Structure formats: structure tokens, C-alpha cells
>>> print(open('my_file-v2.cif').read())   # mmCIF, N, CA and C atoms and all ligand atoms
data_start
loop_
_atom_site.group_PDB
_atom_site.id
_atom_site.type_symbol
_atom_site.label_atom_id
_atom_site.label_comp_id
_atom_site.auth_asym_id
_atom_site.auth_seq_id
_atom_site.Cartn_x
_atom_site.Cartn_y
_atom_site.Cartn_z
ATOM 1 N N MET A 84 -13.015 -20.060 -17.328
ATOM 2 C CA MET A 84 -11.743 -19.433 -17.091
ATOM 3 C C MET A 84 -11.264 -19.791 -15.690
ATOM 4 N N ARG A 85 -10.004 -20.102 -15.587
ATOM 5 C CA ARG A 85 -9.436 -20.479 -14.296
ATOM 6 C C ARG A 85 -8.684 -19.303 -13.700
ATOM 7 N N TYR A 86 -8.804 -19.179 -12.402
ATOM 8 C CA TYR A 86 -8.108 -18.109 -11.700
ATOM 9 C C TYR A 86 -7.049 -18.698 -10.797
ATOM 10 N N LEU A 87 -5.952 -18.030 -10.727
ATOM 11 C CA LEU A 87 -4.887 -18.445 -9.827
ATOM 12 C C LEU A 87 -5.135 -17.801 -8.471
ATOM 13 N N ARG A 88 -5.206 -18.602 -7.454
ATOM 14 C CA ARG A 88 -5.410 -18.073 -6.100
ATOM 15 C C ARG A 88 -4.117 -18.139 -5.334
ATOM 16 N N LEU A 89 -3.768 -17.041 -4.758
ATOM 17 C CA LEU A 89 -2.553 -17.003 -3.951
ATOM 18 C C LEU A 89 -2.897 -17.341 -2.518
ATOM 19 N N ALA A 90 -2.111 -18.167 -1.912
ATOM 20 C CA ALA A 90 -2.348 -18.565 -0.526
ATOM 21 C C ALA A 90 -1.498 -17.709 0.391
ATOM 22 N N LEU A 91 -1.960 -16.481 0.616
ATOM 23 C CA LEU A 91 -1.235 -15.583 1.507
ATOM 24 C C LEU A 91 -1.830 -15.658 2.895
ATOM 25 N N PRO A 92 -1.005 -15.611 3.924
ATOM 26 C CA PRO A 92 -1.548 -15.619 5.283
ATOM 27 C C PRO A 92 -2.265 -14.303 5.561
ATOM 28 N N LYS A 93 -3.362 -14.388 6.329
ATOM 29 C CA LYS A 93 -4.097 -13.179 6.675
ATOM 30 C C LYS A 93 -3.311 -12.410 7.714
ATOM 31 N N GLN A 94 -3.258 -11.102 7.522
ATOM 32 C CA GLN A 94 -2.539 -10.256 8.466
ATOM 33 C C GLN A 94 -3.494 -9.195 8.975
ATOM 34 N N ALA A 95 -3.430 -8.959 10.259
ATOM 35 C CA ALA A 95 -4.271 -7.935 10.870
ATOM 36 C C ALA A 95 -3.532 -6.610 10.844
ATOM 37 N N GLY A 96 -4.130 -5.611 10.255
ATOM 38 C CA GLY A 96 -3.516 -4.289 10.224
ATOM 39 C C GLY A 96 -2.196 -4.299 9.488
ATOM 40 N N ARG A 97 -1.202 -3.691 10.099
ATOM 41 C CA ARG A 97 0.110 -3.631 9.465
ATOM 42 C C ARG A 97 1.084 -4.523 10.212
ATOM 43 N N ALA A 98 0.688 -5.732 10.435
ATOM 44 C CA ALA A 98 1.558 -6.665 11.151
ATOM 45 C C ALA A 98 2.804 -6.940 10.325
ATOM 46 N N ARG A 99 3.883 -7.213 11.019
ATOM 47 C CA ARG A 99 5.136 -7.500 10.320
ATOM 48 C C ARG A 99 5.074 -8.907 9.751
ATOM 49 N N PRO A 100 5.625 -9.100 8.584
ATOM 50 C CA PRO A 100 5.629 -10.430 8.000
ATOM 51 C C PRO A 100 6.492 -11.384 8.818
ATOM 52 N N PRO A 101 6.199 -12.669 8.761
ATOM 53 C CA PRO A 101 6.902 -13.632 9.614
ATOM 54 C C PRO A 101 8.416 -13.611 9.440
ATOM 55 N N TYR A 102 8.895 -13.363 8.226
ATOM 56 C CA TYR A 102 10.347 -13.374 8.031
ATOM 57 C C TYR A 102 11.022 -12.189 8.697
ATOM 58 N N ALA A 103 10.249 -11.148 9.073
ATOM 59 C CA ALA A 103 10.827 -9.948 9.672
ATOM 60 C C ALA A 103 10.878 -10.003 11.189
ATOM 61 N N LYS A 104 10.369 -11.067 11.775
ATOM 62 C CA LYS A 104 10.383 -11.152 13.234
ATOM 63 C C LYS A 104 11.814 -11.232 13.733
ATOM 64 N N GLY A 105 12.104 -10.457 14.748
ATOM 65 C CA GLY A 105 13.440 -10.462 15.316
ATOM 66 C C GLY A 105 14.396 -9.515 14.626
ATOM 67 N N LEU A 106 13.979 -8.936 13.501
ATOM 68 C CA LEU A 106 14.849 -7.995 12.805
ATOM 69 C C LEU A 106 14.587 -6.587 13.311
ATOM 70 N N LYS A 107 15.632 -5.787 13.410
ATOM 71 C CA LYS A 107 15.482 -4.400 13.798
ATOM 72 C C LYS A 107 15.075 -3.597 12.574
ATOM 73 N N ARG A 108 14.169 -2.660 12.763
ATOM 74 C CA ARG A 108 13.806 -1.789 11.655
ATOM 75 C C ARG A 108 14.925 -0.791 11.423
ATOM 76 N N ALA A 109 15.226 -0.574 10.177
ATOM 77 C CA ALA A 109 16.289 0.355 9.842
ATOM 78 C C ALA A 109 15.771 1.364 8.840
ATOM 79 N N MET A 110 16.032 2.643 9.115
ATOM 80 C CA MET A 110 15.684 3.699 8.173
ATOM 81 C C MET A 110 16.953 4.062 7.419
ATOM 82 N N TYR A 111 16.913 3.851 6.124
ATOM 83 C CA TYR A 111 18.101 4.121 5.339
ATOM 84 C C TYR A 111 18.224 5.611 5.049
ATOM 85 N N ALA A 112 19.364 6.159 5.374
ATOM 86 C CA ALA A 112 19.655 7.541 5.010
ATOM 87 C C ALA A 112 20.276 7.575 3.622
ATOM 88 N N CYS A 113 21.061 6.589 3.306
ATOM 89 C CA CYS A 113 21.697 6.483 1.986
ATOM 90 C C CYS A 113 21.308 5.130 1.395
ATOM 91 N N VAL A 114 20.487 5.193 0.380
ATOM 92 C CA VAL A 114 19.990 3.960 -0.230
ATOM 93 C C VAL A 114 21.071 3.308 -1.081
ATOM 94 N N CYS A 115 21.837 4.111 -1.780
ATOM 95 C CA CYS A 115 22.863 3.559 -2.679
ATOM 96 C C CYS A 115 23.879 2.704 -1.923
ATOM 97 N N ARG A 116 24.273 3.170 -0.751
ATOM 98 C CA ARG A 116 25.293 2.470 0.028
ATOM 99 C C ARG A 116 24.727 1.715 1.219
ATOM 100 N N ALA A 117 23.405 1.709 1.346
ATOM 101 C CA ALA A 117 22.717 1.001 2.433
ATOM 102 C C ALA A 117 23.245 1.406 3.797
ATOM 103 N N VAL A 118 23.322 2.701 4.003
ATOM 104 C CA VAL A 118 23.768 3.230 5.293
ATOM 105 C C VAL A 118 22.539 3.728 6.038
ATOM 106 N N THR A 119 22.367 3.263 7.267
ATOM 107 C CA THR A 119 21.178 3.631 8.037
ATOM 108 C C THR A 119 21.413 4.924 8.815
ATOM 109 N N GLU A 120 20.286 5.507 9.264
ATOM 110 C CA GLU A 120 20.382 6.721 10.070
ATOM 111 C C GLU A 120 21.123 6.454 11.368
ATOM 112 N N SER A 121 20.928 5.288 11.943
ATOM 113 C CA SER A 121 21.615 5.004 13.207
ATOM 114 C C SER A 121 23.122 4.896 12.989
ATOM 115 N N GLU A 122 23.549 4.383 11.854
ATOM 116 C CA GLU A 122 24.994 4.339 11.573
ATOM 117 C C GLU A 122 25.558 5.750 11.451
ATOM 118 N N ILE A 123 24.787 6.636 10.828
ATOM 119 C CA ILE A 123 25.252 8.014 10.689
ATOM 120 C C ILE A 123 25.262 8.703 12.051
ATOM 121 N N ASN A 124 24.236 8.438 12.859
ATOM 122 C CA ASN A 124 24.223 9.018 14.205
ATOM 123 C C ASN A 124 25.398 8.519 15.039
ATOM 124 N N GLU A 125 25.742 7.253 14.888
ATOM 125 C CA GLU A 125 26.919 6.720 15.598
ATOM 126 C C GLU A 125 28.188 7.418 15.130
ATOM 127 N N CYS A 126 28.253 7.682 13.842
ATOM 128 C CA CYS A 126 29.411 8.356 13.262
ATOM 129 C C CYS A 126 29.521 9.779 13.816
ATOM 130 N N ILE A 127 28.379 10.466 13.923
ATOM 131 C CA ILE A 127 28.368 11.828 14.469
ATOM 132 C C ILE A 127 28.765 11.792 15.941
ATOM 133 N N ALA A 128 28.249 10.809 16.657
ATOM 134 C CA ALA A 128 28.598 10.688 18.076
ATOM 135 C C ALA A 128 30.082 10.392 18.256
ATOM 136 N N ALA A 129 30.675 9.733 17.260
ATOM 137 C CA ALA A 129 32.108 9.426 17.341
ATOM 138 C C ALA A 129 32.976 10.621 16.987
ATOM 139 N N GLY A 130 32.328 11.732 16.533
ATOM 140 C CA GLY A 130 33.098 12.940 16.308
ATOM 141 C C GLY A 130 33.091 13.489 14.897
ATOM 142 N N ALA A 131 32.313 12.910 13.994
ATOM 143 C CA ALA A 131 32.264 13.434 12.627
ATOM 144 C C ALA A 131 31.602 14.805 12.632
ATOM 145 N N LYS A 132 32.208 15.762 11.944
ATOM 146 C CA LYS A 132 31.696 17.145 11.928
ATOM 147 C C LYS A 132 31.201 17.577 10.552
ATOM 148 N N SER A 133 31.467 16.795 9.515
ATOM 149 C CA SER A 133 31.049 17.208 8.172
ATOM 150 C C SER A 133 30.553 15.999 7.384
ATOM 151 N N ALA A 134 29.840 16.300 6.294
ATOM 152 C CA ALA A 134 29.332 15.236 5.434
ATOM 153 C C ALA A 134 30.484 14.467 4.789
ATOM 154 N N LYS A 135 31.587 15.148 4.567
ATOM 155 C CA LYS A 135 32.752 14.490 3.974
ATOM 156 C C LYS A 135 33.324 13.434 4.929
ATOM 157 N N GLN A 136 33.380 13.797 6.212
ATOM 158 C CA GLN A 136 33.892 12.834 7.200
ATOM 159 C C GLN A 136 32.965 11.630 7.297
ATOM 160 N N ILE A 137 31.654 11.881 7.230
ATOM 161 C CA ILE A 137 30.700 10.764 7.273
ATOM 162 C C ILE A 137 30.830 9.913 6.019
ATOM 163 N N ARG A 138 31.027 10.563 4.894
ATOM 164 C CA ARG A 138 31.224 9.822 3.644
ATOM 165 C C ARG A 138 32.471 8.941 3.721
ATOM 166 N N ASP A 139 33.540 9.493 4.238
ATOM 167 C CA ASP A 139 34.779 8.719 4.349
ATOM 168 C C ASP A 139 34.629 7.533 5.300
ATOM 169 N N ALA A 140 33.825 7.729 6.362
ATOM 170 C CA ALA A 140 33.681 6.669 7.357
ATOM 171 C C ALA A 140 32.682 5.594 6.936
ATOM 172 N N THR A 141 31.575 6.013 6.307
ATOM 173 C CA THR A 141 30.504 5.048 6.013
ATOM 174 C C THR A 141 30.305 4.782 4.524
ATOM 175 N N GLY A 142 30.705 5.713 3.697
ATOM 176 C CA GLY A 142 30.444 5.585 2.260
ATOM 177 C C GLY A 142 29.174 6.285 1.832
ATOM 178 N N ALA A 143 28.405 6.789 2.806
ATOM 179 C CA ALA A 143 27.143 7.462 2.477
ATOM 180 C C ALA A 143 27.414 8.735 1.693
ATOM 181 N N GLY A 144 26.735 8.889 0.576
ATOM 182 C CA GLY A 144 26.887 10.091 -0.232
ATOM 183 C C GLY A 144 27.939 9.985 -1.302
ATOM 184 N N SER A 145 28.540 8.832 -1.443
ATOM 185 C CA SER A 145 29.619 8.709 -2.426
ATOM 186 C C SER A 145 29.142 8.160 -3.764
ATOM 187 N N ASP A 146 27.837 7.990 -3.909
ATOM 188 C CA ASP A 146 27.331 7.490 -5.193
ATOM 189 C C ASP A 146 26.539 8.577 -5.917
ATOM 190 N N CYS A 147 25.230 8.643 -5.685
ATOM 191 C CA CYS A 147 24.412 9.636 -6.390
ATOM 192 C C CYS A 147 24.370 10.965 -5.639
ATOM 193 N N ALA A 148 24.700 10.963 -4.365
ATOM 194 C CA ALA A 148 24.777 12.159 -3.508
ATOM 195 C C ALA A 148 23.427 12.785 -3.195
ATOM 196 N N ILE A 149 22.343 12.094 -3.435
ATOM 197 C CA ILE A 149 21.023 12.627 -3.078
ATOM 198 C C ILE A 149 20.888 12.716 -1.557
ATOM 199 N N CYS A 150 21.557 11.864 -0.845
ATOM 200 C CA CYS A 150 21.415 11.798 0.606
ATOM 201 C C CYS A 150 22.219 12.858 1.344
ATOM 202 N N ILE A 151 23.020 13.638 0.654
ATOM 203 C CA ILE A 151 23.878 14.627 1.316
ATOM 204 C C ILE A 151 23.051 15.634 2.113
ATOM 205 N N ARG A 152 21.921 16.053 1.555
ATOM 206 C CA ARG A 152 21.076 17.030 2.274
ATOM 207 C C ARG A 152 20.564 16.423 3.574
ATOM 208 N N ARG A 153 20.187 15.176 3.522
ATOM 209 C CA ARG A 153 19.694 14.518 4.741
ATOM 210 C C ARG A 153 20.818 14.397 5.779
ATOM 211 N N ILE A 154 21.999 14.039 5.312
ATOM 212 C CA ILE A 154 23.141 13.913 6.227
ATOM 213 C C ILE A 154 23.473 15.268 6.844
ATOM 214 N N CYS A 155 23.435 16.335 6.026
ATOM 215 C CA CYS A 155 23.707 17.679 6.550
ATOM 216 C C CYS A 155 22.641 18.076 7.565
ATOM 217 N N ALA A 156 21.384 17.713 7.312
ATOM 218 C CA ALA A 156 20.315 18.021 8.266
ATOM 219 C C ALA A 156 20.526 17.270 9.569
ATOM 220 N N MET A 157 20.977 16.026 9.479
ATOM 221 C CA MET A 157 21.262 15.261 10.699
ATOM 222 C C MET A 157 22.423 15.890 11.469
ATOM 223 N N LEU A 158 23.442 16.338 10.757
ATOM 224 C CA LEU A 158 24.566 17.009 11.414
ATOM 225 C C LEU A 158 24.096 18.283 12.107
ATOM 226 N N LYS A 159 23.287 19.075 11.403
ATOM 227 C CA LYS A 159 22.792 20.330 11.961
ATOM 228 C C LYS A 159 21.945 20.062 13.201
ATOM 229 N N ARG A 160 21.070 19.066 13.127
ATOM 230 C CA ARG A 160 20.208 18.735 14.257
ATOM 231 C C ARG A 160 21.044 18.317 15.477
ATOM 232 N N ASN A 161 22.079 17.542 15.215
ATOM 233 C CA ASN A 161 22.924 17.094 16.326
ATOM 234 C C ASN A 161 23.704 18.245 16.931
ATOM 235 N N THR A 162 24.202 19.179 16.120
ATOM 236 C CA THR A 162 24.935 20.323 16.670
ATOM 237 C C THR A 162 24.000 21.238 17.442
ATOM 238 N N GLU A 163 22.753 21.388 16.950
ATOM 239 C CA GLU A 163 21.769 22.209 17.685
ATOM 240 C C GLU A 163 21.434 21.559 19.016
ATOM 241 N N LEU A 164 21.279 20.249 19.022
ATOM 242 C CA LEU A 164 20.978 19.554 20.269
ATOM 243 C C LEU A 164 22.139 19.655 21.243
ATOM 244 N N ALA A 165 23.357 19.580 20.724
ATOM 245 C CA ALA A 165 24.539 19.681 21.592
ATOM 246 C C ALA A 165 24.654 21.093 22.159
ATOM 247 N N ALA A 166 24.308 22.102 21.350
ATOM 248 C CA ALA A 166 24.383 23.490 21.807
ATOM 249 C C ALA A 166 23.294 23.785 22.846
ATOM 250 N N ALA A 167 22.140 23.162 22.695
ATOM 251 C CA ALA A 167 21.022 23.408 23.612
ATOM 252 C C ALA A 167 21.265 22.770 24.978
ATOM 253 N N SER A 168 22.029 21.704 25.009
ATOM 254 C CA SER A 168 22.228 21.020 26.304
ATOM 255 C C SER A 168 23.455 21.521 27.033
HETATM 256 S S1 LIG B 201 21.487 7.840 -1.702
HETATM 257 FE FE1 LIG B 201 23.408 8.185 -0.819
HETATM 258 S S2 LIG B 201 24.761 8.105 -2.487
HETATM 259 FE FE2 LIG B 201 22.852 7.731 -3.380
#
>>> encode(input="my_file-v2.cif", output="C-alpha cells")
Amino acid sequence: MRYLRLALPKQAGRARPPYAKGLKRAMYACVCRAVTESEINECIAAGAKSAKQIRDATGAGSDCAICIRRICAMLKRNTELAAAS
């Protein structure tokens, strides 16, 4: 019986793959619309006060709406941080 051997490069630990070098890591807040947390934070910093305003600006939450809770939590966290400072 013959086995197929894959020629994968050895990686130490959780090293980033070669194609990912130079790319910024992005945490997606909205997977459907590919909107990252940093984009939402920029939107909040620009003055967005509600999930609807963020949706209108970025499109996040306009598909399946699973991300709305996360967006609301980000809004709440930012308002708490603004109130604390
Ligand atoms: S994850 Fe944001 S609309 Fe689906």
C-alpha cells in the first residue's frame, strides 16, 4: 500500500505561516460582513452611539445579526471607559 506524504514545512509552536508574514491580525466582530473589532472601535471613536449607527456605517449586523450583542458590549465598554476617565 502506498501512502501520500505531504511536504509541509516544520513549524515551531504556533508560528505564523509564511503567507501571513507582514499581515496584521484582525479579530472579526461581524463574520458575515467581515467587519473587524478595530473598525468598530474606530466607528465608536468617530461618534457612533448605537448598534444601528455602526450598522449603517460598517454594515456589521445587517445579515444574521448574531454580532449585535458583541457590538452592544463594545459600545457599553467604551461608554464605561469614557465615563471612568
Ligand atoms: S455576524 Fe454580523 S451579521 Fe452575521
>>> atom_distance(input="my_file-v2.cif", atom1="atom S2 of ligand LIG 201 (chain B)", atom2="CA of Thr162 (chain A)")
22.7 Å
>>> axis_aligned_box(input="my_file-v2.cif", around="region 149-162 of chain A", padding_each_side="3 Å", output="lines of an AutoDock Vina configuration file")
center_x = 22.3
center_y = 16.5
center_z = 7.0
size_x = 11.2
size_y = 15.4
size_z = 26.9
>>> resolve_selection(input="my_file-v2.cif", expression="the PyMOL selection byres (((not hetatm) and name CA) within 7 of (chain B and resi 201))", output="PyMOL selection string")
chain A and resi 112-116+143-151
>>> write_last_selection(input="my_file-v2.cif", atoms="N, CA and C atoms", output="mmCIF file, keeping the file's coordinate frame")
data_model
loop_
_atom_site.group_PDB
_atom_site.id
_atom_site.type_symbol
_atom_site.label_atom_id
_atom_site.label_comp_id
_atom_site.auth_asym_id
_atom_site.auth_seq_id
_atom_site.Cartn_x
_atom_site.Cartn_y
_atom_site.Cartn_z
ATOM 1 N N ALA A 112 19.364 6.159 5.374
ATOM 2 C CA ALA A 112 19.655 7.541 5.010
ATOM 3 C C ALA A 112 20.276 7.575 3.622
ATOM 4 N N CYS A 113 21.061 6.589 3.306
ATOM 5 C CA CYS A 113 21.697 6.483 1.986
ATOM 6 C C CYS A 113 21.308 5.130 1.395
ATOM 7 N N VAL A 114 20.487 5.193 0.380
ATOM 8 C CA VAL A 114 19.990 3.960 -0.230
ATOM 9 C C VAL A 114 21.071 3.308 -1.081
ATOM 10 N N CYS A 115 21.837 4.111 -1.780
ATOM 11 C CA CYS A 115 22.863 3.559 -2.679
ATOM 12 C C CYS A 115 23.879 2.704 -1.923
ATOM 13 N N ARG A 116 24.273 3.170 -0.751
ATOM 14 C CA ARG A 116 25.293 2.470 0.028
ATOM 15 C C ARG A 116 24.727 1.715 1.219
ATOM 16 N N ALA A 143 28.405 6.789 2.806
ATOM 17 C CA ALA A 143 27.143 7.462 2.477
ATOM 18 C C ALA A 143 27.414 8.735 1.693
ATOM 19 N N GLY A 144 26.735 8.889 0.576
ATOM 20 C CA GLY A 144 26.887 10.091 -0.232
ATOM 21 C C GLY A 144 27.939 9.985 -1.302
ATOM 22 N N SER A 145 28.540 8.832 -1.443
ATOM 23 C CA SER A 145 29.619 8.709 -2.426
ATOM 24 C C SER A 145 29.142 8.160 -3.764
ATOM 25 N N ASP A 146 27.837 7.990 -3.909
ATOM 26 C CA ASP A 146 27.331 7.490 -5.193
ATOM 27 C C ASP A 146 26.539 8.577 -5.917
ATOM 28 N N CYS A 147 25.230 8.643 -5.685
ATOM 29 C CA CYS A 147 24.412 9.636 -6.390
ATOM 30 C C CYS A 147 24.370 10.965 -5.639
ATOM 31 N N ALA A 148 24.700 10.963 -4.365
ATOM 32 C CA ALA A 148 24.777 12.159 -3.508
ATOM 33 C C ALA A 148 23.427 12.785 -3.195
ATOM 34 N N ILE A 149 22.343 12.094 -3.435
ATOM 35 C CA ILE A 149 21.023 12.627 -3.078
ATOM 36 C C ILE A 149 20.888 12.716 -1.557
ATOM 37 N N CYS A 150 21.557 11.864 -0.845
ATOM 38 C CA CYS A 150 21.415 11.798 0.606
ATOM 39 C C CYS A 150 22.219 12.858 1.344
ATOM 40 N N ILE A 151 23.020 13.638 0.654
ATOM 41 C CA ILE A 151 23.878 14.627 1.316
ATOM 42 C C ILE A 151 23.051 15.634 2.113
#
>>> resolve_selection(input="my_file-v2.cif", expression="the PyMOL selection byres (((chain A and resi 131-136 and name CA) around 10) and not hetatm and name CA)", output="compact mmCIF listing (two decimals) with N, CA and C atoms, in the frame of the given file")
# COMPACT_ATOMS: atom_id res chain seq x y z
N ILE A 123 24.79 6.64 10.83
CA ILE A 123 25.25 8.01 10.69
C ILE A 123 25.26 8.70 12.05
N ASN A 124 24.24 8.44 12.86
CA ASN A 124 24.22 9.02 14.20
C ASN A 124 25.40 8.52 15.04
N GLU A 125 25.74 7.25 14.89
CA GLU A 125 26.92 6.72 15.60
C GLU A 125 28.19 7.42 15.13
N CYS A 126 28.25 7.68 13.84
CA CYS A 126 29.41 8.36 13.26
C CYS A 126 29.52 9.78 13.82
N ILE A 127 28.38 10.47 13.92
CA ILE A 127 28.37 11.83 14.47
C ILE A 127 28.76 11.79 15.94
N ALA A 128 28.25 10.81 16.66
CA ALA A 128 28.60 10.69 18.08
C ALA A 128 30.08 10.39 18.26
N ALA A 129 30.68 9.73 17.26
CA ALA A 129 32.11 9.43 17.34
C ALA A 129 32.98 10.62 16.99
N GLY A 130 32.33 11.73 16.53
CA GLY A 130 33.10 12.94 16.31
C GLY A 130 33.09 13.49 14.90
N ILE A 137 31.65 11.88 7.23
CA ILE A 137 30.70 10.76 7.27
C ILE A 137 30.83 9.91 6.02
N ARG A 138 31.03 10.56 4.89
CA ARG A 138 31.22 9.82 3.64
C ARG A 138 32.47 8.94 3.72
N ASP A 139 33.54 9.49 4.24
CA ASP A 139 34.78 8.72 4.35
C ASP A 139 34.63 7.53 5.30
N ALA A 140 33.83 7.73 6.36
CA ALA A 140 33.68 6.67 7.36
C ALA A 140 32.68 5.59 6.94
N THR A 141 31.58 6.01 6.31
CA THR A 141 30.50 5.05 6.01
C THR A 141 30.30 4.78 4.52
N GLY A 142 30.70 5.71 3.70
CA GLY A 142 30.44 5.58 2.26
C GLY A 142 29.17 6.28 1.83
N ALA A 143 28.40 6.79 2.81
CA ALA A 143 27.14 7.46 2.48
C ALA A 143 27.41 8.74 1.69
N GLY A 144 26.74 8.89 0.58
CA GLY A 144 26.89 10.09 -0.23
C GLY A 144 27.94 9.98 -1.30
N SER A 145 28.54 8.83 -1.44
CA SER A 145 29.62 8.71 -2.43
C SER A 145 29.14 8.16 -3.76
N CYS A 150 21.56 11.86 -0.84
CA CYS A 150 21.42 11.80 0.61
C CYS A 150 22.22 12.86 1.34
N ILE A 151 23.02 13.64 0.65
CA ILE A 151 23.88 14.63 1.32
C ILE A 151 23.05 15.63 2.11
N ARG A 152 21.92 16.05 1.56
CA ARG A 152 21.08 17.03 2.27
C ARG A 152 20.56 16.42 3.57
N ARG A 153 20.19 15.18 3.52
CA ARG A 153 19.69 14.52 4.74
C ARG A 153 20.82 14.40 5.78
N ILE A 154 22.00 14.04 5.31
CA ILE A 154 23.14 13.91 6.23
C ILE A 154 23.47 15.27 6.84
N CYS A 155 23.44 16.34 6.03
CA CYS A 155 23.71 17.68 6.55
C CYS A 155 22.64 18.08 7.56
N ALA A 156 21.38 17.71 7.31
CA ALA A 156 20.32 18.02 8.27
C ALA A 156 20.53 17.27 9.57
N MET A 157 20.98 16.03 9.48
CA MET A 157 21.26 15.26 10.70
C MET A 157 22.42 15.89 11.47
N LEU A 158 23.44 16.34 10.76
CA LEU A 158 24.57 17.01 11.41
C LEU A 158 24.10 18.28 12.11
N LYS A 159 23.29 19.08 11.40
CA LYS A 159 22.79 20.33 11.96
C LYS A 159 21.94 20.06 13.20
N ASN A 161 22.08 17.54 15.22
CA ASN A 161 22.92 17.09 16.33
C ASN A 161 23.70 18.24 16.93
N THR A 162 24.20 19.18 16.12
CA THR A 162 24.94 20.32 16.67
C THR A 162 24.00 21.24 17.44
>>> atom_distance(input="my_file-v2.cif", atom1="atom C of Glu122 (chain A)", atom2="atom N of Arg108 (chain A)")
14.2 Å
